[in-house]
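Asker: This is the structure I want to talk about, given as structure tokens.
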Amino acid sequence: MNLAASNRTVNAGLKSHAALVYAFLYLPILIVVIYAFNDSRLVQIWHGFSTRWFGEAWRDDTLRNAFRISLITATLNAVIATILGTAAGLALRNVGRKTRSAFDMFMYTTLIVPEIVIAIASLLFFVTLGLPLGPVAIVITHSVFNTSVVGLIVRARLAGVDRSLEEASTDLGATRWGTFYQVTLPQLFPAVLAGALLAFTFSFDDVVLSSFVSGVGSTTLPVEIFSQIRFGLSPKVNVVAVVTLSLTIVAIVTAQALLRREARRVV
Amino acid sequence: MDGEGGRADLVLEDVTKSFGEVRAVDGVSFQVEPGQFFSLLGPSGCGKTTTLRLIAGFEQPDSGRVLLSGMDMTRLPPNRRRVNTVFQHYALFPHLTVEDNVGFGLKQAKVPKSELTRRLDETLKRVRLEELRTRRPRELSGGQQQRVALARALINEPTVLLLDEPLAALDLKLRKAMQQELKRLQERVGITFIYVTHDQEEALTLSDRIAVMNDGLILQEGSPNEIYERPRTRFVADFVGQTNFFEGIVEEDGDRVVVRDESGLTITCSPVDFARRGSTVAIAVRPEKIIPVNGAAPAVNLVEGTLTRRTYLGDLLQLHLLLQGGRELTLQRQNEPDDPSSAWRVGDRVQVTWDPRSSLVLEIDQAFMDEEDIRLMADSQG
Amino acid sequence: MDGEGGRADLVLEDVTKSFGEVRAVDGVSFQVEPGQFFSLLGPSGCGKTTTLRLIAGFEQPDSGRVLLSGMDMTRLPPNRRRVNTVFQHYALFPHLTVEDNVGFGLKQAKVPKSELTRRLDETLKRVRLEELRTRRPRELSGGQQQRVALARALINEPTVLLLDEPLAALDLKLRKAMQQELKRLQERVGITFIYVTHDQEEALTLSDRIAVMNDGLILQEGSPNEIYERPRTRFVADFVGQTNFFEGIVEEDGDRVVVRDESGLTITCSPVDFARRGSTVAIAVRPEKIIPVNGAAPAVNLVEGTLTRRTYLGDLLQLHLLLQGGRELTLQRQNEPDDPSSAWRVGDRVQVTWDPRSSLVLEIDQAFMDEEDIRLMADSQG
Amino acid sequence: MASRSSVAEPRALLLPAWGWYSVFFVAPLLIMVAYSFAINDPDRFFTVTFGFYTDQFQRVWDPLYLEIYKNTFLMALSGTFGCLLIGYPFAYFLATRAGRYKTFLFFLVIVPFWTSLLIRTYAWLLLLSENGPLSGALQSMGLIANPLNILYTPISVWIGIVYDYLPLMVFPLYVAIERMDPRLKEASRDLGAGRGATFWKVTVPLTMPGIITGCLLTFIPMTGEYVVPEILGGAKSYLVGNLVANEFRTAIDWPFGAALSMSLVAMMLVVIFVYLRFLGRRSEESLGSFL
Amino acid sequence: SRELRPNDTGTSGAATPGATPELEDQLSIYNWADYVHPKTYGQFEKEFDIKITEDNYPSNEDALAKLQAGAKGYDLVVPTGYMVEIMREQGLLMELDHSQIPNFSLIEDRFLDTAADPGNRYSVPKDFGTTGYGYRSKFVKEEMSSWEDFFRLAPKYSGRYTVLDSSPEVVGSALKMLGYSYNSVEPKEIEEATKELLKLKPHVRKITSSMREIMITGEAYVSLTWNGEIGYVALDAADARYVVPSEGTEVWTDNWCIVAGAPHPAAAHAFINWHLQPKIQAQDTSYHYYGSCVEGEEEFLKPAIANDPAVYPAGDVLEKLEFAAANPEWLRLRNEAWTKFKAA
Ligand SMILES: Nc1ncnc2c1ncn2[C@@H]1O[C@H](COP(=O)(O)OP(=O)(O)OP(=O)(O)O)[C@@H](O)[C@H]1O
Ligand SMILES: Nc1ncnc2c1ncn2[C@@H]1O[C@H](COP(=O)(O)OP(=O)(O)OP(=O)(O)O)[C@@H](O)[C@H]1O
Ligand SMILES: [Mg+2]
Ligand SMILES: [Mg+2]
């Protein structure tokens with residue numbers, strides 16, 4: 001076959017495959033968006049266009065409350081995970097091989113052990129020690145996993161940060177704290193931000209851990225949706241999906257814009 | 001230059017630093033006079049950077065002392081030393097503008113705003129970066145980055161400026177231009193420069209004094225002329241410039257040293273004290289010191305050989321002779337139409353000679369030819 | 001060398017390749033004779049790599065043809081061309097051993113096992129890698145990797161071997177050694193080499209023919225001697241070697257061309273046809289062609305100036321003279337004790353001269369001095 | 001070599017995270033281990049007697065449960081394989097053909113990843129149902145005669161997990177392919193290899209770290225999957241995760257639940273170990289290098 | 001007729017009888033999803049100025065698991081009869097102060113003083129229902145009336161069955177089909193029942209307590225469930241029939257209970273009492289289609305509901321029904337059978 005022609009065939013093949021994958025990725029989202037405007041009391045049966053479920057969802061205290069709880073727990077979790085993970089990521093540069101690999105093992109196992117196992121282990125932990133289930137338990141359980149996420153991202157980023165930048169800073173008379181604040185942190189910022197966002201998302205999205213360690217009044221949005229899916233679906237779920245989707249897109253676009261601006265300043 | 005931080009000498013006293021098994025710096029001592037351009041020259045991994053880092057304070061020596069103006073600063077943290085560094089890859093802060101990079105040190109020192117502005121303007125002007133003050137490092141070319149790094153260090157008026165292969169990342173033409181600029185700058189500001197490089201030509205061109213290092217040791221210290229014209233060991237002779245080596249037994253000592261090598265060649269040298277009759281010595285002859293015999297045959301160091309190859313280098317020619325006994329001898333000649341060698345053709349038998357002063361007698365330094373060197377040489381030849 | 005794939009010439013016919021706005025290769029034509037060592041020399045970004053990639057088949061030309069042994073192979077995929085490449089950073093397969101890297105091509109060609117083993121052994125031996133056959137690329141030194149890349153290409157007995165700055169990543173000493181080795185190897189196997197480099201010395205040393213490129217164009221093609229001694233344009237003269245430039249008006253033409261520059265200096269040159277009386281020309285004089293006046297004053301090209309600076313390069317000295325009218329002139333002398341210049345001191349008034357044959361008359365090529373060049377030069381000087 | 005730079009942050013910064021892991025990760029796991037060796041008091045509701053009883057593990061050996069472990073393993077394996085098959089050409093496209101739209105196209109892959117997994121999974125419920133749009137579309141195109149009947153079957157679970165974890169496969173593959181020096185492919189073509197040979201002999205081996213990482217990143221969560229079968233699965237697509245959850249949510253048999261999850265972790269470790277052994281040492285670095 | 005005993009457990013902060021304790025301003029309810037009329041809480045909140053928060057659970061066991069695990073802060077929970085027994089055994093419930101629930105007297109006697117909670121010291125019936133099955137007569141041509149029909153037709157309508165995600169109901173159905181007691185604790189009987197269930201399993205599409213939607217869409221034809229669920233289905237699919245199997249089956253009450261350590265016991269009592277009003281009861285029944293245990297709510301109901309045998313079975317049918325009665329052995333046997341059923 002002619003060189004150019006064979007190139008074209010391969011390109012076309014790859015391209016159409018990619019198009020199918022995008023369809024695969026977006027079809028479900030599209031469906032949910034469409035069904036959010038379904039007039040029907042039933043989720044699966046199309047009855048005509050209506051926005052009435054948006055109103056219903058807005059008036060639904062349970063959903064609003066769940067949304068609020070999710071926001072709070074996910075934020076607290078992200079704060080804890082970001083602080084612990086960033087600190088650990090920084091310290092890992094300076095510890096010996098043994099300490100590092102021991103700590104690595106911790107980080108990787110928190111990621112490897114299936115969520116359901118962590119969920120029940122945490123449940124048993126809180127119950128056995130007589131600690132209350134609820135928002136605090138959710139935040140703690142989430143933050144373990146997310147500390148590893150942030151830690152690994154920060155560490156990967158640090159590996160790319162030239163140590164001599166920090167040396168240059170002390171060489172120019174900056175103190176250790178001054179160096180951290182003026183040189184290390186700005187370098188690290190995109191990673192910390194990315195880590196925090198990931199931690200937030202993982203937590204905001206989590207259903208397994210939350211549903212096992214949630215307690216009174218700490219039903220998060222995913223747990224609420226999950227129990228609705230399991231026990232009787234309301235079309236309001238579609239609305240919730242559309243709303244969170246829009247919020248996510250806004251958040252991502254903002255974050256990207258921020259990161260890009262940072263990136264222009266940093267690196 | 002402010003009063004207190006003025007000129008001063010830097011002294012290293014028997015400084016040693018190991019990393020695990022590796023002795024990166026091994027009992028290094030030297031003294032640098034105020035305002036000197038002092039170069040550390042040596043192959044990769046010989047400990048140049050480590051020496052610099054010990055002076056800057058990024059590393060702590062295992063033993064020995066670092067003194068500045070007679071004051072021991074061995075235990076002082078880097079931010080308290082009146083020393084600044086130009087890093088190998090510049091280590092410019094990527095998130096700061098040129099201006100903020102250069103002003104970083106003064107801000108740390110809490111210099112008043114007005115003075116900061118003044119010195120910033122002055123320094124940026126000196127390195128001709130006024131136009132680029134609001135750019136970020138990655139928007140700059142290599143040469144411009146290099147100047148920012150220099151400005152960032154110079155603005156603090158350090159007593160000693162450390163430069164770690166500051167030109168290594170630049171391409172040939174730019175490197176040559178920056179060398180000149182660096183030299184002029186150093187002469188103007190009068191700050192002591194400790195300059196690390198593995199480029200012998202650069203060291204020879206720029207320095208007042210050179211210390212040649214290998215394996216953590218300083219092998220020889222001296223002016224460029226001393227280093228090139230009177231290398232003490234084979235390693236130094238070989239590392240700094242090209243050489244023809246001979247090895248032989250001293251037949252005459254005293255006023256005139258005569259050495260005979262295995263192939264029976266007799267080489268006349270200027271007198272050296274350690275060349276005793278009967279001892280084995282090495283002799284190095286630089287290719288450019290060997291000249292074609294033109295007219296009357298010289299009394300000594302007359303060598304005849306067959307021209308086997310001419311390597312054309314544009315401005316220079318390298319002529320490879322095969323001597324009796326199978327030795328090779330390399331000559332370097334300027335590519336001038338009037339040079340006698342320009343008439344030589346490959347296969348010609350030709351005569352060459354050199355001044356006895358150009359026969360450099362070396363101590364045999366097998367110590368420095370340890371296994372690794374041998375492997376490396378074999379490798380680079382094979 | 002097998003029968004069919006034997007010697008053949010490579011021809012590029014008016015080949016053009018653009019990337020978006022950039023004309024990377026702009027109407028390039030050249031012809032390479034069988035067994036020739038042909039170099040493409042030029043600054044970064046001039047289109048050398050792109051030219052090579054067009055020959056290898058990684059890029060398709062927008063127009064023009066690539067012929068090998070008279071056969072048009074412009075539309076052939078790379079795996080069907082009897083051409084092999086040594087990539088700039090070697091592009092060794094990191095997941096394969098030395099052996100498997102080198103044998104890769106033969107396996108693709110489904111060469112029988114026994115022949116594969118034989119040719120593998122032979123090739124590895126030729127590049128002295130037998131001992132390292134089971135190592136992986138990253139366990140090799142730079143020079144060894146370079147040899148693997150060479151072996152991997154050579155074992156396929158290509159008609160033409162393309163080499164893209166194969167020595168650029170090596171350090172000076174090793175680069176010199178590998179140059180010699182490469183040259184010897186090419187002479188032995190007799191394969192046509194197309195060699196890309198931006199190092200003028202390397203090109204001069206190794207090549208049978210050199211094409212100097214800039215901005216996608218070939219500016220001059222010729223033997224190393226032609227390129228260095230008779231550069232046709234200012235760009236070529238400047239890029240290949242160092243030069244003193246003069247610009248002036250032709251006062252005499254014919255047998256002897258005499259040019260007077262703005263400062264009133266008269267320069268005598270050998271005759272060139274385009275130098276008409278009254279026309280403006282540029283003249284280049286290589287620093288090594290300028291010699292101290294020793295004894296009788298020469299009839300032409302006698303120049304007097306003040307020595308302002310000696311740059312010590314070890315084997316060479318650069319002498320910077322300030323002439324009347326403020327011009328600078330740079331001389332290069334070998335560092336020999338007997339050279340007349342060795343007695344000169346800074347501040348001395350000295351006389352120098354050069355052979356009229358060494359005054360190179362150039363066409364004024366403002367065309368090549370476009371804005372970017374000017375910016376680049378300003379940058380490298382500033 | 002642990003060389004302390006003069007600008008090093010204090011190592012004590014590691015302690016908070018270390019403590020956090022010890023208390024809220026290690027301790028819970030240890031407590032779970034203790035539970036797995038306990039028994040329930042037969043005469044009282046939900047009263048656990050600790051000790052060193054292996055009763056729970058004996059129960060796990062019931063063929064009924066082993067079957068679930070097997071199904072889980074097969075589901076995770078086929079899910080991983082599905083992700084790889086779909087993800088590789090896709091990542092390849094993104095890394096090599098996306099041109100200047102690369103950032104945008106990659107962004108499009110991330111967006112779903114940042115939207116609720118639960119909702120996206122549940123969307124398949126709508127899509128795949130007998131009266132759903134997919135069924136309708138396929139029927140009207142004449143591709144199937146009867147309504148699509150795959151919801152609440154292992155097939156729908158497979159679709160769900162492949163969908164959920166595809167990005168986790170694509171990211172490391174993308175990184176690996178992107179990182180690969182394109183000149184290596186050219187070198188291979190230059191040496192006479194065709195497109196196919198170049199792909200199998202150069203591209204695949206060189207992107208192996210990405211393949212390994214991607215497979216681990218998808219296989220691991222798939223073995224513990226709980227949500228997808230719960231939503232899209234039917235009576236016959238029960239996985240270990242659901243079994244474990246059942247012991248806690250419905251049966252309230254904590255010791256048995258603990259033993260089941262211990263066994264799950266054990267199975268996973270065995271698989272990972274075998275996998276890494278099989279693929280050699282290189283793979284051990286790969287997970288780390290990706291993260 | 002019912003003796004009201006003073007609170008003597010001493011474990012709670014409940015007020016002494018007689019005195020009207022001050023009401024807290026909050027109430028936290030742990031309830032089945034969708035189990036009161038959407039307006040109900042609002043009415044109470046308005047009347048008493050008490051803020052209600054509600055979390056939901058999908059099964060008795062889930063609720064138990066959560067409380068057992070030490071979830072603190074709930075005031076009210078709504079377990080089914082047998083679960084009341086388990087919960088009070090576990091000390092998860094607070095003894096009620098009947099003096100604060102005067103409307104208790106409105107409850108029909110037949111729902112009181114069950115084995116699960118003798119003397120109703122811990123629970124007040126919220127509503128009652130039966131466990132049977134529903135089917136779509138549009139798809140199922142046979143007339144179904146017994147557990148035997150349910151199990152027999154499964155192969156024919158394979159893949160169109162759903163069963164509740166709850167062990168006692170499912171295991172109980174097989175026991176009843178086999179002619180045993182719903183509450184059998186004979187291991188052999190349980191084993192037999194398990195065998196029947198394992199035979200049924202291949203034909204089950206989904207084990208779920210939310211079968212409404214797939215019954216309506218026709219993806220499932222037959223569902224083992226509670227009566228109210230089919231009432232809901234029938235709103236959209238008129239051909240849906242609910243069967244109280246002729247072999248007999250479970251009748252159950254779901255009950256308001258106050259969680260031990262409840263932070264707002266007075267409000268909880270007030271809510272229980274308020275909710276027992278016939279009008280409120282009728283409002284809920286017309287929403288969830290489960291019968292009220294209170295006398296006099298019929299007058300507030302539409303006749304269609306009041307006369308629906310699925311909501312209010314005839315007296316003779318009721319005779320044959322059993323309440324579930326839990327004990328550790330009972331529960332253990334069911335859970336083990338259940339786990340096997342799910343795993344199969
Ligand atoms: N932080 C470190 N840990 C371990 N070994 C080190 C460290 N820094 C340097 N070394 C070792 O010490 C020796 C000297 O290193 P150094 O960087 O000083 O060499 P150099 O002369 O600057 O070489 P180059 O020209 O390659 O920069 C080397 O063998 C190096 O491997
Ligand atoms: N794939 C490409 N896409 C866009 N522009 C390209 C591409 N390849 C090369 N160019 C442009 O074409 C011009 C010539 O590039 P080429 O790589 O041939 O230069 P070169 O002479 O090999 O330079 P160097 O010495 O830096 O390797 C440059 O301006 C380059 O930016
Ligand atoms: Mg160094
Ligand atoms: Mg190139």
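As shown in the structure tokens, the chain order sets the letters A, B, ...; within each chain, residues go from 1, and ligands are also counted from 1 in the order they appear.
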Can you tell me which residues surround C:Thr330 at a distance of at most 10 Å, considering only C-alpha atoms, apart from same-chain residues fewer than 2 positions away, and format the answer as a list in words?
Answerer: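 Answer for this query is Gln242, Thr243, Asn244, Val285, Arg286, Pro287, Glu288, Ile290, Leu307, Arg309, Arg310, Gln318, Leu319, His320, Leu321, Leu322, Glu328, Gln332 and Arg333 of chain C.
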Asker: Within 12 Å of ligand 2, counting only C-alpha atoms and all ligand atoms: which residues, as a short mmCIF file (atom, residue, chain, number, x, y, z; two decimals) with N, CA, C and O atoms, in the first residue's frame?
Answerer:
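Heads up, here's the output in pocket-v6.cif:
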data_model
loop_
_atom_site.label_atom_id
_atom_site.label_comp_id
_atom_site.auth_asym_id
_atom_site.auth_seq_id
_atom_site.Cartn_x
_atom_site.Cartn_y
_atom_site.Cartn_z
N ASP B 171 25.74 27.38 23.48
CA ASP B 171 26.43 26.80 22.33
C ASP B 171 27.72 27.56 22.05
O ASP B 171 27.99 28.62 22.60
N THR C 16 11.32 20.37 -1.24
CA THR C 16 10.80 21.41 -0.36
C THR C 16 9.88 20.79 0.67
O THR C 16 9.12 19.87 0.36
N LYS C 17 9.99 21.27 1.90
CA LYS C 17 9.11 20.78 2.96
C LYS C 17 8.80 21.92 3.91
O LYS C 17 9.71 22.55 4.44
N SER C 18 7.52 22.20 4.11
CA SER C 18 7.14 23.26 5.05
C SER C 18 6.37 22.66 6.21
O SER C 18 5.66 21.66 6.06
N PHE C 19 6.55 23.25 7.38
CA PHE C 19 5.69 22.93 8.53
C PHE C 19 4.91 24.20 8.83
O PHE C 19 5.46 25.15 9.37
N GLY C 20 3.66 24.20 8.43
CA GLY C 20 2.88 25.42 8.61
C GLY C 20 3.55 26.55 7.87
O GLY C 20 3.77 26.48 6.66
N GLU C 21 3.92 27.59 8.59
CA GLU C 21 4.53 28.76 7.98
C GLU C 21 6.00 28.54 7.66
O GLU C 21 6.59 29.21 6.83
N VAL C 22 6.62 27.62 8.43
CA VAL C 22 8.07 27.47 8.35
C VAL C 22 8.49 26.63 7.15
O VAL C 22 8.06 25.49 7.01
N ARG C 23 9.32 27.20 6.30
CA ARG C 23 9.92 26.41 5.22
C ARG C 23 11.16 25.75 5.77
O ARG C 23 12.24 26.33 5.78
N ALA C 24 11.03 24.54 6.24
CA ALA C 24 12.16 23.87 6.90
C ALA C 24 13.21 23.51 5.87
O ALA C 24 14.42 23.61 6.12
N VAL C 25 12.77 23.07 4.69
CA VAL C 25 13.69 22.72 3.62
C VAL C 25 13.15 23.39 2.36
O VAL C 25 11.99 23.22 2.02
N ASP C 26 14.02 24.13 1.69
CA ASP C 26 13.52 25.05 0.67
C ASP C 26 14.25 24.82 -0.66
O ASP C 26 15.29 25.41 -0.92
N LEU C 40 26.06 17.70 6.07
CA LEU C 40 25.18 18.86 6.06
C LEU C 40 25.53 19.67 7.29
O LEU C 40 25.40 19.21 8.42
N LEU C 41 26.01 20.90 7.06
CA LEU C 41 26.50 21.72 8.16
C LEU C 41 25.65 22.98 8.22
O LEU C 41 25.36 23.58 7.19
N GLY C 42 25.25 23.34 9.43
CA GLY C 42 24.48 24.58 9.53
C GLY C 42 24.04 24.82 10.95
O GLY C 42 24.11 23.92 11.79
N PRO C 43 23.58 26.03 11.24
CA PRO C 43 23.17 26.35 12.60
C PRO C 43 21.88 25.63 12.98
O PRO C 43 21.21 25.04 12.12
N SER C 44 21.55 25.69 14.24
CA SER C 44 20.35 25.04 14.74
C SER C 44 19.11 25.57 14.02
O SER C 44 18.97 26.76 13.80
N GLY C 45 18.25 24.64 13.62
CA GLY C 45 16.99 25.05 13.00
C GLY C 45 17.09 25.34 11.52
O GLY C 45 16.14 25.81 10.91
N CYS C 46 18.23 25.04 10.90
CA CYS C 46 18.39 25.40 9.50
C CYS C 46 17.77 24.37 8.58
O CYS C 46 17.70 24.57 7.37
N GLY C 47 17.35 23.23 9.11
CA GLY C 47 16.69 22.23 8.26
C GLY C 47 17.50 20.98 8.00
O GLY C 47 17.13 20.16 7.16
N LYS C 48 18.58 20.79 8.73
CA LYS C 48 19.42 19.61 8.52
C LYS C 48 18.65 18.33 8.82
O LYS C 48 18.60 17.41 8.01
N THR C 49 18.07 18.29 10.03
CA THR C 49 17.36 17.08 10.42
C THR C 49 16.21 16.80 9.47
O THR C 49 15.98 15.66 9.07
N THR C 50 15.51 17.85 9.09
CA THR C 50 14.38 17.65 8.18
C THR C 50 14.85 17.05 6.86
O THR C 50 14.22 16.14 6.32
N THR C 51 15.95 17.52 6.34
CA THR C 51 16.49 16.96 5.10
C THR C 51 16.75 15.46 5.27
O THR C 51 16.39 14.64 4.42
N LEU C 52 17.37 15.13 6.39
CA LEU C 52 17.67 13.73 6.65
C LEU C 52 16.40 12.90 6.74
O LEU C 52 16.31 11.78 6.21
N ARG C 53 15.38 13.46 7.40
CA ARG C 53 14.13 12.73 7.58
C ARG C 53 13.40 12.54 6.26
O ARG C 53 12.67 11.57 6.07
N LEU C 54 13.62 13.48 5.34
CA LEU C 54 13.02 13.32 4.02
C LEU C 54 13.70 12.18 3.28
O LEU C 54 13.06 11.42 2.55
N PHE C 58 10.73 9.57 6.82
CA PHE C 58 9.85 9.89 7.95
C PHE C 58 8.97 11.09 7.63
O PHE C 58 7.97 11.33 8.27
N GLU C 59 9.42 11.88 6.67
CA GLU C 59 8.60 12.99 6.22
C GLU C 59 8.42 12.86 4.71
O GLU C 59 9.26 12.28 4.03
N GLN C 60 7.30 13.41 4.24
CA GLN C 60 7.04 13.43 2.81
C GLN C 60 7.29 14.83 2.29
O GLN C 60 6.77 15.79 2.85
N PHE C 87 20.32 7.89 14.82
CA PHE C 87 19.56 9.04 15.30
C PHE C 87 20.37 9.92 16.23
O PHE C 87 21.34 9.48 16.83
N GLN C 88 19.89 11.15 16.36
CA GLN C 88 20.64 12.14 17.12
C GLN C 88 20.93 11.69 18.55
O GLN C 88 22.06 11.76 18.99
N HIS C 89 19.90 11.21 19.24
CA HIS C 89 20.19 10.70 20.58
C HIS C 89 20.14 9.19 20.56
O HIS C 89 19.73 8.55 21.52
N LEU C 163 23.34 9.99 9.36
CA LEU C 163 23.77 10.18 10.75
C LEU C 163 23.39 11.59 11.18
O LEU C 163 23.87 12.57 10.60
N ASP C 164 22.56 11.68 12.23
CA ASP C 164 22.10 12.98 12.68
C ASP C 164 22.85 13.39 13.95
O ASP C 164 22.52 12.96 15.04
N GLU C 165 23.83 14.22 13.79
CA GLU C 165 24.66 14.68 14.90
C GLU C 165 24.99 13.53 15.84
O GLU C 165 24.69 13.60 17.03
N PRO C 166 25.60 12.50 15.34
CA PRO C 166 25.77 11.30 16.16
C PRO C 166 26.71 11.52 17.33
O PRO C 166 26.70 10.75 18.28
N ALA C 168 27.04 14.54 19.03
CA ALA C 168 26.74 15.78 19.75
C ALA C 168 26.64 15.57 21.25
O ALA C 168 26.95 16.45 22.04
N TYR C 195 25.95 13.02 6.74
CA TYR C 195 26.29 13.31 8.11
C TYR C 195 25.82 14.72 8.46
O TYR C 195 26.20 15.69 7.82
N VAL C 196 24.99 14.80 9.50
CA VAL C 196 24.47 16.10 9.90
C VAL C 196 25.23 16.60 11.12
O VAL C 196 25.43 15.85 12.07
N THR C 197 25.67 17.84 11.09
CA THR C 197 26.37 18.37 12.24
C THR C 197 26.26 19.88 12.25
O THR C 197 25.98 20.50 11.23
N HIS C 198 26.42 20.47 13.43
CA HIS C 198 26.52 21.92 13.44
C HIS C 198 27.91 22.33 13.89
O HIS C 198 28.17 23.49 14.18
N ASP C 199 28.79 21.35 13.97
CA ASP C 199 30.15 21.60 14.44
C ASP C 199 31.05 21.69 13.22
O ASP C 199 31.32 20.70 12.54
N VAL C 212 26.73 23.60 3.22
CA VAL C 212 26.40 24.51 4.32
C VAL C 212 24.97 25.01 4.12
O VAL C 212 24.63 25.52 3.06
N MET C 213 24.16 24.80 5.15
CA MET C 213 22.75 25.18 5.06
C MET C 213 22.44 26.35 5.96
O MET C 213 23.06 26.51 7.01
N ASN C 214 21.46 27.13 5.56
CA ASN C 214 20.87 28.10 6.46
C ASN C 214 19.45 28.36 6.00
O ASN C 214 19.19 28.46 4.80
N ASP C 215 18.55 28.45 6.96
CA ASP C 215 17.15 28.76 6.64
C ASP C 215 16.58 27.88 5.55
O ASP C 215 15.83 28.36 4.70
N GLY C 216 16.90 26.61 5.57
CA GLY C 216 16.32 25.69 4.61
C GLY C 216 16.98 25.70 3.25
O GLY C 216 16.63 24.90 2.37
N LEU C 217 17.95 26.59 3.05
CA LEU C 217 18.63 26.67 1.75
C LEU C 217 20.03 26.11 1.86
O LEU C 217 20.67 26.22 2.91
N ILE C 218 20.53 25.57 0.76
CA ILE C 218 21.95 25.23 0.73
C ILE C 218 22.70 26.42 0.18
O ILE C 218 22.46 26.89 -0.93
N GLY D 99 -3.04 16.19 18.01
CA GLY D 99 -2.52 17.46 17.50
C GLY D 99 -2.75 18.59 18.47
O GLY D 99 -2.58 18.43 19.68
N ARG D 100 -3.19 19.71 17.95
CA ARG D 100 -3.29 20.86 18.85
C ARG D 100 -4.56 20.83 19.69
O ARG D 100 -4.77 21.67 20.54
N PRO D 182 9.03 9.24 20.03
CA PRO D 182 8.50 8.82 18.72
C PRO D 182 9.61 8.37 17.78
O PRO D 182 9.35 7.63 16.83
N ARG D 183 10.83 8.78 18.06
CA ARG D 183 11.91 8.36 17.18
C ARG D 183 12.20 6.88 17.28
O ARG D 183 12.81 6.30 16.40
#
Asker: For chain E, which residue among D:Gly82, D:Gly87, D:Pro42, D:Pro28 is the nearest when counting only C-alpha atoms?
Answerer: D:Pro42
Asker: Identify, on the basis of only C-alpha atoms, every residue whose closest approach to stretch 66-73 of chain D does not exceed 9 Å; exclude the query and any residue fewer than 4 positions from it along the same chain; express the result as a ChimeraX atom specification.
Answerer: /D:60-62,77-78,222-225,237-241,243,264,267-268 /E:343-344
Asker: Within 8 Å of chain B, which residues of chain A are there when counting only C-alpha atoms? Please give them as a list in words.
Answerer: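 Contact residues on the first chain: Asp162, Ser164, Leu165, Glu167, Ala168, Ser169, Thr170, Asp171, Leu172, Gly173, Ala174, Thr175, Val183, Pro186, Gln187, Arg265, Val266 and Val267 of chain A.
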Asker: Could you work out which residues of chain B fall inside 7 Å of chain C? Count only C-alpha atoms, and format the result as a list in words.
Answerer: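 So the residues of chain B near chain C are Leu174, Ala177, Glu201, Leu204, Thr205, Tyr228, Gly241, Glu288, Lys289, Thr311, Tyr312, Leu313, Gly314, Asp315, Gln334, Asn335, Glu336, Ser380 and Gln381 of chain B.
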